[in-house]
>>> print(open('structure-v1.txt').read())   # compact mmCIF, C-alpha atoms
# COMPACT_ATOMS: atom_id res chain seq x y z
CA MET F 716 -93.27 -37.81 -12.02
CA SER F 717 -94.92 -35.10 -14.12
CA GLY F 718 -97.18 -35.72 -17.12
CA MET F 719 -94.32 -34.62 -19.39
CA ALA F 720 -91.96 -37.22 -18.00
CA THR F 721 -94.65 -39.90 -18.43
CA THR F 722 -95.07 -38.90 -22.08
CA VAL F 723 -91.33 -39.06 -22.74
CA ARG F 724 -90.96 -42.44 -21.04
CA SER F 725 -93.84 -43.77 -23.16
CA GLY F 726 -92.11 -42.47 -26.28
CA VAL F 727 -88.84 -44.06 -25.18
CA SER F 728 -90.57 -47.40 -24.60
CA LEU F 729 -91.94 -47.31 -28.13
CA LEU F 730 -88.51 -46.38 -29.47
CA VAL F 731 -86.80 -49.23 -27.62
CA ALA F 732 -89.41 -51.66 -28.88
CA GLY F 733 -88.89 -50.45 -32.45
CA ALA F 734 -85.13 -50.78 -32.04
CA PHE F 735 -85.55 -54.40 -30.88
CA LEU F 736 -87.63 -55.20 -33.95
CA ALA F 737 -84.98 -53.54 -36.12
CA GLY F 738 -82.55 -56.28 -35.14
CA CYS F 739 -84.98 -58.86 -36.47
CA SER F 740 -86.50 -57.25 -39.55
CA ASN F 741 -84.25 -54.28 -40.50
CA ALA F 742 -87.17 -51.96 -39.79
CA GLY F 743 -86.76 -48.88 -37.63
CA PRO F 744 -83.53 -47.35 -36.28
CA VAL F 745 -80.44 -49.39 -35.55
CA GLN F 746 -78.67 -49.13 -32.22
CA PRO F 747 -76.12 -46.45 -31.38
CA GLY F 748 -72.57 -47.64 -31.83
CA TRP F 749 -68.99 -46.53 -32.09
CA THR F 750 -66.31 -47.75 -34.44
CA ALA F 751 -62.90 -47.99 -32.84
CA GLN F 752 -59.84 -46.22 -34.18
CA PRO F 753 -58.22 -48.18 -37.02
CA GLY F 754 -54.86 -49.78 -36.42
CA PRO F 755 -51.64 -48.85 -38.19
CA SER F 756 -52.94 -50.46 -41.38
CA GLY F 757 -55.77 -47.90 -41.55
CA ALA F 758 -58.51 -50.52 -41.60
CA ALA F 759 -61.31 -49.55 -39.25
CA GLY F 760 -62.03 -52.05 -36.54
CA SER F 761 -65.26 -52.10 -34.61
CA SER F 762 -65.98 -51.81 -30.95
CA ALA F 763 -69.44 -51.44 -29.46
CA SER F 764 -70.31 -50.20 -26.03
CA ALA F 765 -74.05 -50.16 -25.47
CA PRO F 766 -75.66 -47.43 -23.38
CA ALA F 767 -77.43 -48.80 -20.35
CA SER F 768 -81.07 -49.65 -20.98
CA ASP F 769 -82.31 -50.15 -17.43
CA ALA F 770 -83.08 -47.29 -15.07
CA SER F 771 -80.45 -47.97 -12.43
CA SER F 772 -77.55 -48.56 -14.83
CA THR F 773 -78.35 -45.53 -16.96
CA ALA F 774 -78.71 -43.26 -13.95
CA ALA F 775 -75.31 -44.30 -12.67
CA SER F 776 -73.47 -44.02 -15.97
CA ASP F 777 -74.53 -41.15 -18.16
CA GLY F 778 -76.03 -38.25 -16.27
CA ALA F 779 -78.84 -39.74 -14.22
CA ALA F 780 -81.62 -40.08 -16.78
CA PRO F 781 -83.75 -43.12 -15.86
CA ALA F 782 -84.61 -43.88 -19.48
CA SER F 783 -82.47 -44.50 -22.55
CA ALA F 784 -83.37 -44.34 -26.22
CA SER F 785 -81.47 -47.52 -26.96
CA SER F 786 -80.91 -51.03 -25.67
CA GLY F 787 -79.23 -54.24 -26.74
CA ALA F 788 -76.02 -54.59 -28.78
CA PRO F 789 -75.24 -51.53 -30.93
CA GLN F 790 -74.15 -51.84 -34.52
CA ALA F 791 -70.80 -50.30 -35.47
CA VAL F 792 -70.83 -47.27 -37.76
CA GLY F 793 -67.78 -46.64 -39.91
CA THR F 794 -65.62 -43.57 -39.35
CA ALA F 795 -63.24 -41.66 -41.61
CA SER F 796 -60.38 -43.78 -42.95
CA ALA F 797 -57.61 -41.23 -42.29
CA TRP F 798 -57.04 -39.39 -39.00
CA LYS F 799 -54.56 -36.89 -37.56
CA THR F 800 -53.73 -35.63 -34.06
CA PHE F 801 -54.01 -32.02 -32.89
CA SER F 802 -52.03 -30.64 -29.95
CA ASP F 803 -52.01 -27.10 -28.61
CA ALA F 804 -48.75 -25.13 -28.58
CA GLY F 805 -48.10 -25.99 -24.94
CA ARG F 806 -49.03 -29.65 -25.50
CA THR F 807 -51.47 -29.55 -22.60
CA VAL F 808 -54.30 -31.14 -24.62
CA SER F 809 -54.50 -33.33 -27.69
CA PHE F 810 -57.14 -35.19 -29.67
CA ASP F 811 -57.59 -37.04 -32.95
CA LEU F 812 -59.79 -35.81 -35.79
CA PRO F 813 -60.53 -36.81 -39.40
CA GLU F 814 -57.68 -35.81 -41.69
CA ASP F 815 -59.77 -33.34 -43.70
CA TRP F 816 -61.28 -31.60 -40.65
CA VAL F 817 -59.68 -28.38 -39.39
CA ALA F 818 -58.76 -27.60 -35.76
CA GLN F 819 -57.92 -23.98 -34.99
CA SER F 820 -57.07 -22.13 -31.77
CA VAL F 821 -59.23 -19.04 -31.26
CA THR F 822 -59.64 -16.45 -28.53
CA PRO F 823 -61.43 -17.88 -25.46
CA GLU F 824 -64.65 -16.24 -24.25
CA GLU F 825 -64.54 -13.59 -21.55
CA GLY F 826 -64.62 -14.91 -18.00
CA THR F 827 -62.29 -17.85 -18.55
CA LEU F 828 -59.27 -18.36 -16.33
CA PRO F 829 -55.74 -17.26 -17.28
CA GLY F 830 -54.15 -19.67 -19.73
CA ALA F 831 -57.52 -20.90 -21.00
CA LEU F 832 -57.75 -22.45 -24.46
CA LYS F 833 -60.49 -22.60 -27.06
CA ILE F 834 -60.00 -24.87 -30.06
CA GLU F 835 -62.69 -25.06 -32.72
CA VAL F 836 -63.11 -28.04 -35.01
CA LYS F 837 -64.78 -27.62 -38.40
CA LYS F 838 -65.38 -29.60 -41.56
CA PRO F 839 -63.61 -28.49 -44.75
CA ASP F 840 -66.70 -26.50 -45.78
CA GLY F 841 -66.60 -24.52 -42.53
CA THR F 842 -69.36 -26.44 -40.73
CA PHE F 843 -68.73 -26.17 -36.98
CA MET F 844 -68.50 -29.57 -35.28
CA ALA F 845 -67.16 -29.02 -31.76
CA ALA F 846 -65.02 -26.85 -29.52
CA LEU F 847 -62.57 -27.78 -26.81
CA ARG F 848 -62.61 -25.20 -24.04
CA THR F 849 -60.38 -25.12 -20.96
CA GLY F 850 -60.22 -22.84 -17.95
CA LEU F 851 -63.99 -22.54 -17.60
CA PRO F 852 -65.29 -21.13 -14.31
CA PRO F 853 -67.49 -23.50 -12.26
CA SER F 854 -71.07 -23.68 -13.53
CA SER F 855 -74.13 -23.45 -11.33
CA ALA F 856 -76.02 -26.60 -10.40
CA GLU F 857 -79.17 -24.76 -9.32
CA CYS F 858 -82.31 -26.02 -11.04
CA PRO F 859 -85.70 -24.69 -9.88
CA GLU F 860 -88.47 -27.26 -10.18
CA ALA F 861 -90.50 -25.02 -12.51
CA SER F 862 -87.60 -24.93 -14.99
CA ARG F 863 -87.00 -28.68 -15.16
CA ARG F 864 -87.59 -30.58 -18.40
CA ALA F 865 -87.53 -34.28 -19.21
CA TYR F 866 -84.38 -35.52 -20.93
CA THR F 867 -83.23 -38.75 -22.57
CA VAL F 868 -79.81 -40.32 -23.05
CA VAL F 869 -79.46 -41.47 -26.66
CA SER F 870 -75.82 -42.60 -26.47
CA SER F 871 -73.38 -42.97 -23.57
CA VAL F 872 -69.91 -44.53 -23.71
CA PRO F 873 -67.24 -44.63 -20.97
CA VAL F 874 -64.15 -42.59 -21.78
CA GLU F 875 -60.70 -42.52 -20.20
CA VAL F 876 -59.95 -38.87 -19.59
CA SER F 877 -58.69 -36.85 -16.64
CA ALA F 878 -61.45 -35.32 -14.53
CA THR F 879 -61.97 -34.37 -10.90
CA GLY F 880 -64.62 -36.26 -8.95
CA GLY F 881 -66.76 -35.17 -6.04
CA GLU F 882 -70.40 -34.52 -5.28
CA GLY F 883 -72.63 -34.49 -8.33
CA THR F 884 -70.09 -36.20 -10.59
CA ILE F 885 -70.04 -39.52 -12.44
CA PRO F 886 -67.28 -41.45 -14.25
CA PRO F 887 -66.45 -39.59 -17.50
CA ARG F 888 -68.69 -40.40 -20.46
CA ALA F 889 -69.00 -39.41 -24.11
CA VAL F 890 -72.72 -38.70 -24.39
CA PHE F 891 -75.43 -37.61 -26.79
CA ARG F 892 -78.55 -36.46 -24.93
CA VAL F 893 -81.78 -34.66 -25.76
CA ILE F 894 -83.94 -32.45 -23.57
CA GLN F 895 -87.62 -31.88 -24.31
CA GLY F 896 -89.04 -28.47 -25.15
CA TYR F 897 -91.19 -27.53 -28.12
CA LYS F 898 -88.76 -29.89 -29.88
CA TYR F 899 -86.13 -32.37 -28.69
CA PHE F 900 -82.88 -30.43 -28.38
CA GLY F 901 -79.77 -32.58 -28.62
CA SER F 902 -76.11 -32.11 -27.81
CA TYR F 903 -72.98 -34.27 -27.74
CA GLY F 904 -69.88 -33.93 -25.60
CA LEU F 905 -67.81 -35.25 -22.73
CA THR F 906 -69.10 -35.01 -19.18
CA ASN F 907 -68.53 -36.21 -15.65
CA VAL F 908 -71.36 -34.06 -14.27
CA ALA F 909 -74.69 -35.70 -13.44
CA GLY F 910 -77.45 -34.54 -15.75
CA GLY F 911 -80.31 -34.35 -13.26
CA THR F 912 -82.62 -36.32 -11.00
CA ASP F 913 -85.69 -38.38 -11.94
CA GLY F 914 -85.00 -37.83 -15.64
CA GLN F 915 -85.40 -34.07 -15.30
CA ALA F 916 -82.88 -31.25 -15.76
CA CYS F 917 -82.71 -27.54 -16.43
CA GLU F 918 -79.74 -28.00 -18.74
CA LEU F 919 -77.39 -30.78 -19.78
CA ARG F 920 -73.76 -29.78 -19.33
CA ASN F 921 -70.90 -31.09 -21.44
CA ILE F 922 -68.43 -30.43 -18.65
CA LEU F 923 -65.42 -32.22 -17.19
CA ARG F 924 -64.47 -30.97 -13.74
CA GLY F 925 -60.85 -29.80 -13.75
CA PRO F 926 -58.34 -29.69 -10.90
CA ALA F 927 -58.54 -26.88 -8.34
CA GLY F 928 -57.45 -23.57 -9.80
CA LYS F 929 -57.42 -24.87 -13.38
CA GLY F 930 -61.11 -24.53 -14.20
CA ASP F 931 -63.38 -26.97 -16.00
CA TYR F 932 -63.10 -28.44 -19.49
CA SER F 933 -65.71 -28.76 -22.22
CA PHE F 934 -65.43 -30.73 -25.45
CA GLY F 935 -68.63 -30.86 -27.48
CA ASP F 936 -70.89 -28.87 -29.76
CA VAL F 937 -72.06 -26.63 -26.90
CA VAL F 938 -71.05 -26.26 -23.25
CA SER F 939 -74.66 -26.91 -22.23
CA VAL F 940 -78.00 -27.52 -23.89
CA LYS F 941 -81.44 -26.56 -22.60
CA ALA F 942 -85.02 -26.50 -23.81
CA PHE F 943 -84.81 -23.47 -26.07
CA ALA F 944 -87.64 -20.99 -26.60
CA PRO F 945 -89.01 -20.67 -30.17
CA ASP F 946 -87.26 -17.32 -30.65
CA GLU F 947 -83.84 -18.54 -29.43
CA LYS F 948 -80.96 -19.68 -31.63
CA VAL F 949 -80.47 -23.43 -31.33
CA ALA F 950 -77.34 -24.09 -33.45
CA PRO F 951 -74.81 -25.55 -33.01
CA ALA F 952 -76.99 -27.77 -30.78
CA LYS F 953 -79.39 -30.02 -32.69
CA ALA F 954 -83.19 -29.92 -32.86
CA PHE F 955 -85.35 -32.97 -33.61
CA ASP F 956 -89.10 -33.42 -33.97
CA THR F 957 -89.05 -36.87 -32.35
CA LEU F 958 -86.81 -39.11 -30.25
CA ASP F 959 -86.64 -41.46 -33.22
CA GLN F 960 -85.01 -38.72 -35.30
CA ALA F 961 -82.46 -38.13 -32.55
CA ALA F 962 -81.66 -41.84 -32.38
CA ARG F 963 -81.25 -42.03 -36.13
CA TYR F 964 -78.74 -39.18 -36.03
CA ALA F 965 -76.64 -41.18 -33.58
CA ASN F 966 -77.14 -44.46 -35.42
CA GLU F 967 -76.88 -43.70 -39.11
CA GLY F 968 -74.21 -42.04 -41.19
CA THR F 969 -70.67 -41.17 -40.16
CA GLU F 970 -70.98 -37.67 -38.67
CA PHE F 971 -71.79 -38.71 -35.12
CA ALA F 972 -69.42 -41.70 -35.31
CA ASN F 973 -66.58 -39.35 -36.30
CA VAL F 974 -67.48 -36.87 -33.56
CA GLN F 975 -67.73 -39.54 -30.89
CA ARG F 976 -64.37 -41.02 -31.83
CA MET F 977 -62.80 -37.54 -31.75
CA LEU F 978 -64.27 -36.74 -28.33
CA MET F 979 -63.09 -40.04 -26.87
CA SER F 980 -59.52 -39.46 -28.04
CA LEU F 981 -59.05 -36.37 -25.83
CA LYS F 982 -55.96 -36.40 -23.60
CA ILE F 983 -55.39 -33.78 -20.89
CA LYS F 984 -52.11 -33.10 -19.11
CA ASN F 985 -52.77 -31.45 -15.77
>>> encode(input="structure-v1.txt", output="structure tokens")
Amino acid sequence: MSGMATTVRSGVSLLVAGAFLAGCSNAGPVQPGWTAQPGPSGAAGSSASAPASDASSTAASDGAAPASASSGAPQAVGTASAWKTFSDAGRTVSFDLPEDWVAQSVTPEEGTLPGALKIEVKKPDGTFMAALRTGLPPSSAECPEASRRAYTVVSSVPVEVSATGGEGTIPPRAVFRVIQGYKYFGSYGLTNVAGGTDGQACELRNILRGPAGKGDYSFGDVVSVKAFAPDEKVAPAKAFDTLDQAARYANEGTEFANVQRMLMSLKIKN
């Protein structure tokens, strides 16, 4: 393992230790969590699925990073009280989103397959939150050793969504992961593609493998996140100075809780 990976793992160990103390003294970040969709009454219930904290479990469940920024039982974070469901005109995809958020179909990027969709989700003030893309051409898995960077899984929750398996895939997950560059660059989305080996990757892809001839799907803030150069645009991916900041984004406030619930509600009709 490189010196970089050792540094990240040390930082993760400190973060996990701080998170454990948080459960005893309210100091430090709380654990990532997800609040389940409220029932017909509109009262939000709570459901917590903790990301794996040991190397083998994490590697098998969320993109093959052998270290996680969280452990133990997560604490539920409340989501918006009112939700609605969006479906495309052909009713091939649907998902839930907060009632005051806006979902709009836009023109897909060049290179997508015939019949591809792109649906952008924004807050009422126009802040971009995520995009659902279909008909994406297969992405390359090549990753030269010199381009690899250490990455960490901050949050990972199983999700029931249609995806094609095969070599290099995992059971579908809703994930929030960061990759280390001059900062920690974070991204959330759905994936069934392994992140990398030995906690290293060139990019982290928010991709669900689609059936033959239909292309892949992506539902997240970006299709993939990498360690950006200082002169590159980062948004809509996130940038953090520390792993602790990344964990706090996933743990505190409602933005990530709302996004995670929206991602996990995706339904695809093949």
>>> closest_residue(input="structure-v1.txt", among="F:Val974, F:Met844, F:Asn907, F:Glu967", to="Tyr932 in chain F", atoms="only C-alpha atoms")
F:Asn907
>>> atom_distance(input="structure-v1.txt", atom1="CA of Lys948 in chain F", atom2="CA of Asn966 in chain F")
25.4 Å
>>> residues_around(input="structure-v1.txt", residues="Lys982 in chain F", least_positions_apart="3", cutoff="9 Å", atoms="all atoms listed in the file", output="list in words")
Thr807, Val808, Ser809, Phe810, Glu875, Val876, Ser877 and Met979 of chain F
>>> closest_residue(input="structure-v1.txt", among="F:Ile983, F:Leu978, F:Tyr899, F:Tyr964", to="Val949 in chain F", atoms="all atoms listed in the file")
F:Tyr899
>>> axis_aligned_box(input="structure-v1.txt", around="range 962-970 of chain F", padding_each_side="8 Å", output="lines of an AutoDock Vina configuration file")
center_x = -76.2
center_y = -41.1
center_z = -36.8
size_x = 27.0
size_y = 22.8
size_z = 24.8
>>> closest_residue(input="structure-v1.txt", among="F:Leu958, F:Val868, F:Ala861, F:Leu847", to="Ile922 in chain F", atoms="all atoms listed in the file")
F:Leu847
